[in-house]
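To keep things clear, I will list the structure first and then write my remarks on it.
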Amino acid sequence: MRLAGLIGLFLAYVPPHLFSKWLLGSSNWPPRFLRHAGLVAGVRPRLEGKPLGRHSFVIANHTSWLDILILGGWCGTAFVSKAELRDTPLLGWIADQNRTLYIDRAARRDSHGQVRQIAEALEHHQPLAVFPEGTTGSGRRLLPFRTTLLEAVAPPPENVSVRPVAIDYGDHANVVGWHSGERGMANFKRVLGQRGTMAVTIRVLDPLPPDRDRKALARHARHAISAALSSLATQDAL
């Protein structure tokens, strides 16, 4: 039923989205789609903290593909994603509609170009989210934060605030966590097959103070997110 609901939602939202882009040159339908897709998938998020402002750079933990629906639908963020998503049938097109910024992680020598892309994306009013863990996890521990993409906000450009966000699934982390080595379809079926709804808390934390050291910035963000997650098996000693 949930899968049918997601398909129906997609078919219902694409025509007005395309019409809005054609008529106005922009569309507010992508965040609506992500929000309602999250509801269909069973999540019931609750926001805590001050709302994200324009030109916010969001640093978030990454547990599940549901994170995209939650941050995009309830916080209105665009995303920094790996370049492979761009060429994925259907998912790549959906990501394009929400202004996804694609980064080729294999192109390590082009780190300055990646920083420039992020800085340009932050000029848009839509908040931009990055998952510095680089992959999903179990939800019971935080993976190390990669610091390369944080170079663009170390220090942040004028009018840009760096906001850690903790997506806390609580006891549902065991269900939604996309473990290393697990096939994507198996995780997708398990999450959609979960009976009932899942309460999720989105904790939008205070802005981090400006810092020229991207590694220090990553430590501060990771510490703030770790302290805000009830789902962790043990709190990280940072």
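In the structure tokens, each chain is lettered A, B, ... as it comes, each chain's residues begin at 1, and ligands are numbered from 1 in order of appearance.
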Can you tell me, as a ChimeraX atom specification, what residues are no more than 10 Å from region 85-91 of chain A when counting only C-alpha atoms, ignoring any on the same chain fewer than 5 positions away? /A:96,100-103
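Here the residues within region 19-148 of chain A that DSSP labels strand (DSSP E or B) on the basis of the backbone are Val43, Arg44, Pro45, Arg46, Leu47, Glu48, Ser56, Phe57, Val58, Ile59, Ala60, Ala78, Phe79, Val80, Ser81, Lys82, Leu101, Tyr102, Ile103, Leu128, Ala129 and Val130 of chain A.
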Restricting it to C-alpha atoms, dump the selection as an mmCIF file, in the first residue's frame.
data_model
loop_
_atom_site.group_PDB
_atom_site.id
_atom_site.type_symbol
_atom_site.label_atom_id
_atom_site.label_comp_id
_atom_site.auth_asym_id
_atom_site.auth_seq_id
_atom_site.Cartn_x
_atom_site.Cartn_y
_atom_site.Cartn_z
ATOM 1 C CA VAL A 43 7.536 8.875 9.365
ATOM 2 C CA ARG A 44 6.004 11.480 11.654
ATOM 3 C CA PRO A 45 8.728 14.078 12.210
ATOM 4 C CA ARG A 46 8.726 16.732 14.927
ATOM 5 C CA LEU A 47 10.920 19.815 14.628
ATOM 6 C CA GLU A 48 12.894 21.196 17.557
ATOM 7 C CA SER A 56 22.082 27.867 5.760
ATOM 8 C CA PHE A 57 24.697 25.147 5.408
ATOM 9 C CA VAL A 58 23.312 22.053 7.139
ATOM 10 C CA ILE A 59 25.561 19.336 8.560
ATOM 11 C CA ALA A 60 23.483 16.249 9.396
ATOM 12 C CA ALA A 78 18.663 20.905 -1.147
ATOM 13 C CA PHE A 79 21.458 18.327 -0.930
ATOM 14 C CA VAL A 80 25.060 17.657 -1.803
ATOM 15 C CA SER A 81 25.176 14.157 -3.286
ATOM 16 C CA LYS A 82 27.601 11.784 -4.934
ATOM 17 C CA LEU A 101 24.506 19.508 -6.131
ATOM 18 C CA TYR A 102 26.561 16.567 -7.423
ATOM 19 C CA ILE A 103 30.121 16.028 -6.229
ATOM 20 C CA LEU A 128 22.013 23.195 1.494
ATOM 21 C CA ALA A 129 22.558 19.941 3.416
ATOM 22 C CA VAL A 130 25.593 17.673 3.475
#
Could you list, with a cut-off of 12 Å and counting only C-alpha atoms, the residues of region 100-164 of chain A near region 219-230 of chain A, each shown with its nearest atom pair and the distance in Å rounded to one decimal, rows sorted by chain and ascending number, as a Markdown table?
| residue | atom | partner | partner_atom | distance |
| --- | --- | --- | --- | --- |
| A:Val130 | CA | A:Ala221 | CA | 11.8 |
| A:Phe131 | CA | A:Arg222 | CA | 11.0 |
| A:Pro132 | CA | A:Arg222 | CA | 9.2 |
| A:Glu133 | CA | A:Arg222 | CA | 9.7 |
| A:Gly139 | CA | A:Leu229 | CA | 9.2 |
| A:Arg140 | CA | A:Ser230 | CA | 9.0 |
| A:Arg141 | CA | A:Ser226 | CA | 8.5 |
| A:Leu142 | CA | A:Ser226 | CA | 7.2 |
| A:Leu143 | CA | A:Arg222 | CA | 9.3 |
| A:Pro144 | CA | A:Arg222 | CA | 8.4 |
| A:Phe145 | CA | A:Arg222 | CA | 7.1 |
| A:Arg146 | CA | A:Arg219 | CA | 10.1 |
| A:Thr147 | CA | A:Arg219 | CA | 9.4 |
| A:Leu150 | CA | A:Ala221 | CA | 10.6 |
| A:Val162 | CA | A:Ala221 | CA | 9.0 |
| A:Arg163 | CA | A:Ala221 | CA | 8.2 |
| A:Pro164 | CA | A:Ala221 | CA | 5.7 |
Within region 18-235 of chain A, find each residue whose DSSP state, derived from the backbone, is helix (DSSP H, G or I), and express the selection as a compact mmCIF listing (two decimals) with N, CA and C atoms, in the first residue's frame.
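And here's part-v8.txt as it stands now:
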# COMPACT_ATOMS: atom_id res chain seq x y z
N LEU A 18 5.80 20.45 -13.26
CA LEU A 18 6.31 20.83 -14.57
C LEU A 18 5.59 22.07 -15.10
N PHE A 19 4.29 22.16 -14.84
CA PHE A 19 3.53 23.33 -15.28
C PHE A 19 4.02 24.59 -14.57
N SER A 20 4.31 24.45 -13.27
CA SER A 20 4.80 25.59 -12.49
C SER A 20 6.16 26.05 -13.01
N LYS A 21 7.03 25.10 -13.33
CA LYS A 21 8.35 25.46 -13.87
C LYS A 21 8.21 26.15 -15.23
N TRP A 22 7.28 25.66 -16.04
CA TRP A 22 7.08 26.24 -17.37
C TRP A 22 6.49 27.64 -17.28
N LEU A 23 5.53 27.83 -16.35
CA LEU A 23 4.82 29.10 -16.26
C LEU A 23 5.60 30.15 -15.47
N LEU A 24 6.19 29.71 -14.34
CA LEU A 24 6.84 30.67 -13.44
C LEU A 24 8.36 30.59 -13.44
N TRP A 29 6.88 22.52 -5.67
CA TRP A 29 6.36 21.17 -5.52
C TRP A 29 7.37 20.14 -5.01
N PRO A 30 8.69 20.24 -5.31
CA PRO A 30 9.63 19.22 -4.79
C PRO A 30 9.61 19.05 -3.28
N PRO A 31 9.69 20.13 -2.45
CA PRO A 31 9.61 19.90 -1.00
C PRO A 31 8.27 19.35 -0.55
N ARG A 32 7.20 19.73 -1.25
CA ARG A 32 5.88 19.15 -0.93
C ARG A 32 5.88 17.65 -1.19
N PHE A 33 6.45 17.27 -2.33
CA PHE A 33 6.51 15.85 -2.66
C PHE A 33 7.32 15.09 -1.61
N LEU A 34 8.48 15.63 -1.22
CA LEU A 34 9.33 14.94 -0.24
C LEU A 34 8.61 14.81 1.10
N ARG A 35 7.93 15.85 1.51
CA ARG A 35 7.21 15.83 2.78
C ARG A 35 6.10 14.78 2.76
N HIS A 36 5.29 14.79 1.72
CA HIS A 36 4.17 13.85 1.65
C HIS A 36 4.65 12.42 1.40
N ALA A 37 5.77 12.27 0.69
CA ALA A 37 6.35 10.95 0.53
C ALA A 37 6.82 10.40 1.88
N GLY A 38 7.37 11.27 2.71
CA GLY A 38 7.76 10.84 4.06
C GLY A 38 6.57 10.38 4.88
N LEU A 39 5.46 11.10 4.77
CA LEU A 39 4.25 10.70 5.50
C LEU A 39 3.73 9.36 5.00
N VAL A 40 3.75 9.17 3.68
CA VAL A 40 3.32 7.89 3.12
C VAL A 40 4.23 6.76 3.60
N ALA A 41 5.54 7.04 3.71
CA ALA A 41 6.50 6.02 4.17
C ALA A 41 6.36 5.71 5.65
N LEU A 66 15.43 7.81 4.20
CA LEU A 66 14.37 8.65 4.74
C LEU A 66 14.88 10.03 5.13
N ASP A 67 16.19 10.15 5.42
CA ASP A 67 16.77 11.45 5.79
C ASP A 67 16.49 12.49 4.71
N ILE A 68 16.53 12.05 3.44
CA ILE A 68 16.29 12.97 2.32
C ILE A 68 14.85 13.51 2.38
N LEU A 69 13.90 12.61 2.60
CA LEU A 69 12.50 13.02 2.68
C LEU A 69 12.28 13.95 3.87
N ILE A 70 12.93 13.65 4.97
CA ILE A 70 12.72 14.42 6.20
C ILE A 70 13.33 15.81 6.10
N LEU A 71 14.60 15.90 5.72
CA LEU A 71 15.25 17.21 5.63
C LEU A 71 14.66 18.04 4.49
N GLY A 72 14.43 17.39 3.34
CA GLY A 72 13.88 18.13 2.21
C GLY A 72 12.45 18.56 2.44
N GLY A 73 11.66 17.67 3.07
CA GLY A 73 10.23 17.95 3.24
C GLY A 73 9.90 18.84 4.42
N TRP A 74 10.63 18.71 5.52
CA TRP A 74 10.31 19.48 6.71
C TRP A 74 11.25 20.67 6.94
N ALA A 83 28.12 11.93 -7.28
CA ALA A 83 27.83 12.14 -8.70
C ALA A 83 27.07 10.97 -9.31
N GLU A 84 27.22 9.77 -8.75
CA GLU A 84 26.56 8.60 -9.33
C GLU A 84 25.05 8.72 -9.34
N LEU A 85 24.49 9.48 -8.38
CA LEU A 85 23.03 9.61 -8.31
C LEU A 85 22.47 10.28 -9.56
N ARG A 86 23.24 11.19 -10.15
CA ARG A 86 22.78 11.94 -11.32
C ARG A 86 22.39 11.02 -12.47
N ASP A 87 23.07 9.89 -12.60
CA ASP A 87 22.83 8.98 -13.72
C ASP A 87 21.90 7.83 -13.36
N LEU A 91 15.51 8.38 -10.01
CA LEU A 91 16.00 9.03 -8.81
C LEU A 91 16.85 10.25 -9.15
N GLY A 92 17.65 10.13 -10.22
CA GLY A 92 18.46 11.26 -10.64
C GLY A 92 17.59 12.43 -11.08
N TRP A 93 16.51 12.15 -11.79
CA TRP A 93 15.61 13.21 -12.23
C TRP A 93 14.93 13.88 -11.04
N ILE A 94 14.48 13.07 -10.08
CA ILE A 94 13.84 13.62 -8.88
C ILE A 94 14.83 14.50 -8.12
N ALA A 95 16.07 14.03 -7.99
CA ALA A 95 17.10 14.82 -7.29
C ALA A 95 17.34 16.14 -8.00
N ASP A 96 17.33 16.13 -9.33
CA ASP A 96 17.54 17.36 -10.10
C ASP A 96 16.47 18.40 -9.78
N GLN A 97 15.25 17.96 -9.57
CA GLN A 97 14.14 18.90 -9.35
C GLN A 97 14.30 19.66 -8.03
N ARG A 108 39.58 13.83 -6.27
CA ARG A 108 40.16 14.47 -5.09
C ARG A 108 40.97 15.71 -5.45
N ARG A 109 41.57 15.71 -6.64
CA ARG A 109 42.40 16.84 -7.03
C ARG A 109 41.58 18.08 -7.37
N ASP A 110 40.28 17.91 -7.52
CA ASP A 110 39.40 19.02 -7.85
C ASP A 110 38.66 19.55 -6.63
N SER A 111 39.28 19.44 -5.47
CA SER A 111 38.62 19.87 -4.24
C SER A 111 38.29 21.36 -4.27
N HIS A 112 39.15 22.17 -4.91
CA HIS A 112 38.88 23.60 -5.00
C HIS A 112 37.64 23.86 -5.86
N GLY A 113 37.47 23.08 -6.92
CA GLY A 113 36.27 23.22 -7.75
C GLY A 113 35.02 22.83 -6.98
N GLN A 114 35.09 21.80 -6.14
CA GLN A 114 33.95 21.38 -5.35
C GLN A 114 33.58 22.44 -4.32
N VAL A 115 34.60 23.04 -3.71
CA VAL A 115 34.35 24.11 -2.75
C VAL A 115 33.66 25.28 -3.44
N ARG A 116 34.09 25.60 -4.66
CA ARG A 116 33.48 26.70 -5.41
C ARG A 116 32.02 26.39 -5.73
N GLN A 117 31.73 25.13 -6.10
CA GLN A 117 30.35 24.74 -6.40
C GLN A 117 29.45 24.92 -5.18
N ILE A 118 29.95 24.52 -4.02
CA ILE A 118 29.15 24.63 -2.80
C ILE A 118 28.92 26.10 -2.45
N ALA A 119 29.98 26.91 -2.58
CA ALA A 119 29.85 28.34 -2.28
C ALA A 119 28.81 28.99 -3.20
N GLU A 120 28.80 28.61 -4.46
CA GLU A 120 27.83 29.17 -5.41
C GLU A 120 26.41 28.70 -5.06
N ALA A 121 26.28 27.43 -4.65
CA ALA A 121 24.95 26.92 -4.28
C ALA A 121 24.40 27.63 -3.05
N THR A 148 36.42 17.36 3.73
CA THR A 148 36.72 18.06 2.48
C THR A 148 35.62 19.05 2.10
N LEU A 149 34.36 18.63 2.17
CA LEU A 149 33.27 19.49 1.74
C LEU A 149 33.00 20.64 2.71
N LEU A 150 33.59 20.57 3.90
CA LEU A 150 33.41 21.65 4.87
C LEU A 150 34.34 22.82 4.61
N GLU A 151 35.28 22.63 3.68
CA GLU A 151 36.21 23.70 3.34
C GLU A 151 35.47 24.94 2.87
N ALA A 152 34.33 24.74 2.23
CA ALA A 152 33.56 25.88 1.69
C ALA A 152 33.00 26.78 2.78
N VAL A 153 32.89 26.29 4.01
CA VAL A 153 32.34 27.09 5.10
C VAL A 153 33.35 27.25 6.24
N GLY A 170 15.34 7.45 17.31
CA GLY A 170 15.08 6.79 18.57
C GLY A 170 15.11 5.28 18.43
N ASP A 171 14.09 4.61 18.95
CA ASP A 171 14.02 3.14 18.91
C ASP A 171 13.82 2.61 17.50
N HIS A 172 13.44 3.45 16.57
CA HIS A 172 13.22 3.00 15.19
C HIS A 172 14.52 2.93 14.39
N ALA A 173 15.64 3.33 14.98
CA ALA A 173 16.92 3.31 14.26
C ALA A 173 17.25 1.92 13.77
N ASN A 174 16.90 0.90 14.52
CA ASN A 174 17.21 -0.48 14.11
C ASN A 174 16.45 -0.87 12.86
N VAL A 175 15.29 -0.26 12.65
CA VAL A 175 14.48 -0.59 11.48
C VAL A 175 14.98 0.15 10.25
N VAL A 176 15.24 1.46 10.40
CA VAL A 176 15.54 2.28 9.22
C VAL A 176 17.03 2.30 8.88
N GLY A 184 20.13 -2.22 -1.14
CA GLY A 184 19.19 -1.11 -1.03
C GLY A 184 17.74 -1.54 -1.09
N MET A 185 17.41 -2.48 -1.96
CA MET A 185 16.03 -2.93 -2.08
C MET A 185 15.55 -3.63 -0.81
N ALA A 186 16.46 -4.38 -0.16
CA ALA A 186 16.09 -5.05 1.08
C ALA A 186 15.75 -4.03 2.16
N ASN A 187 16.54 -2.95 2.24
CA ASN A 187 16.27 -1.91 3.22
C ASN A 187 14.97 -1.19 2.89
N PHE A 188 14.77 -0.90 1.61
CA PHE A 188 13.56 -0.21 1.16
C PHE A 188 12.31 -1.00 1.54
N LYS A 189 12.34 -2.30 1.30
CA LYS A 189 11.18 -3.15 1.59
C LYS A 189 10.96 -3.25 3.10
N ARG A 190 12.06 -3.31 3.88
CA ARG A 190 11.90 -3.43 5.33
C ARG A 190 11.29 -2.16 5.92
N VAL A 191 11.76 -0.99 5.46
CA VAL A 191 11.24 0.26 5.98
C VAL A 191 9.78 0.44 5.62
N LEU A 192 9.42 0.22 4.35
CA LEU A 192 8.03 0.39 3.93
C LEU A 192 7.13 -0.68 4.55
N ARG A 214 38.68 23.45 9.00
CA ARG A 214 37.55 22.58 8.67
C ARG A 214 37.51 21.35 9.56
N LYS A 215 38.66 20.88 10.04
CA LYS A 215 38.67 19.71 10.91
C LYS A 215 38.08 20.05 12.28
N ALA A 216 38.40 21.22 12.77
CA ALA A 216 37.80 21.66 14.04
C ALA A 216 36.30 21.85 13.87
N LEU A 217 35.89 22.40 12.72
CA LEU A 217 34.47 22.58 12.44
C LEU A 217 33.75 21.23 12.43
N ALA A 218 34.37 20.23 11.82
CA ALA A 218 33.77 18.89 11.78
C ALA A 218 33.66 18.31 13.18
N ARG A 219 34.68 18.51 14.01
CA ARG A 219 34.62 18.00 15.40
C ARG A 219 33.49 18.64 16.17
N HIS A 220 33.35 19.96 16.03
CA HIS A 220 32.29 20.66 16.75
C HIS A 220 30.91 20.21 16.28
N ALA A 221 30.75 20.03 14.98
CA ALA A 221 29.46 19.59 14.45
C ALA A 221 29.15 18.17 14.92
N ARG A 222 30.13 17.31 14.87
CA ARG A 222 29.92 15.91 15.26
C ARG A 222 29.58 15.80 16.75
N HIS A 223 30.25 16.61 17.54
CA HIS A 223 29.98 16.60 18.99
C HIS A 223 28.56 17.07 19.26
N ALA A 224 28.13 18.15 18.58
CA ALA A 224 26.79 18.68 18.80
C ALA A 224 25.72 17.67 18.38
N ILE A 225 25.92 17.02 17.24
CA ILE A 225 24.95 16.04 16.75
C ILE A 225 24.92 14.82 17.66
N SER A 226 26.10 14.35 18.08
CA SER A 226 26.17 13.19 18.96
C SER A 226 25.40 13.43 20.25
N ALA A 227 25.57 14.62 20.82
CA ALA A 227 24.90 14.93 22.09
C ALA A 227 23.39 15.03 21.93
N ALA A 228 22.92 15.26 20.70
CA ALA A 228 21.48 15.46 20.47
C ALA A 228 20.76 14.19 20.03
CA of Arg195 (chain A) sits from CA of Gly42 (chain A) at a separation of 8.4 Å
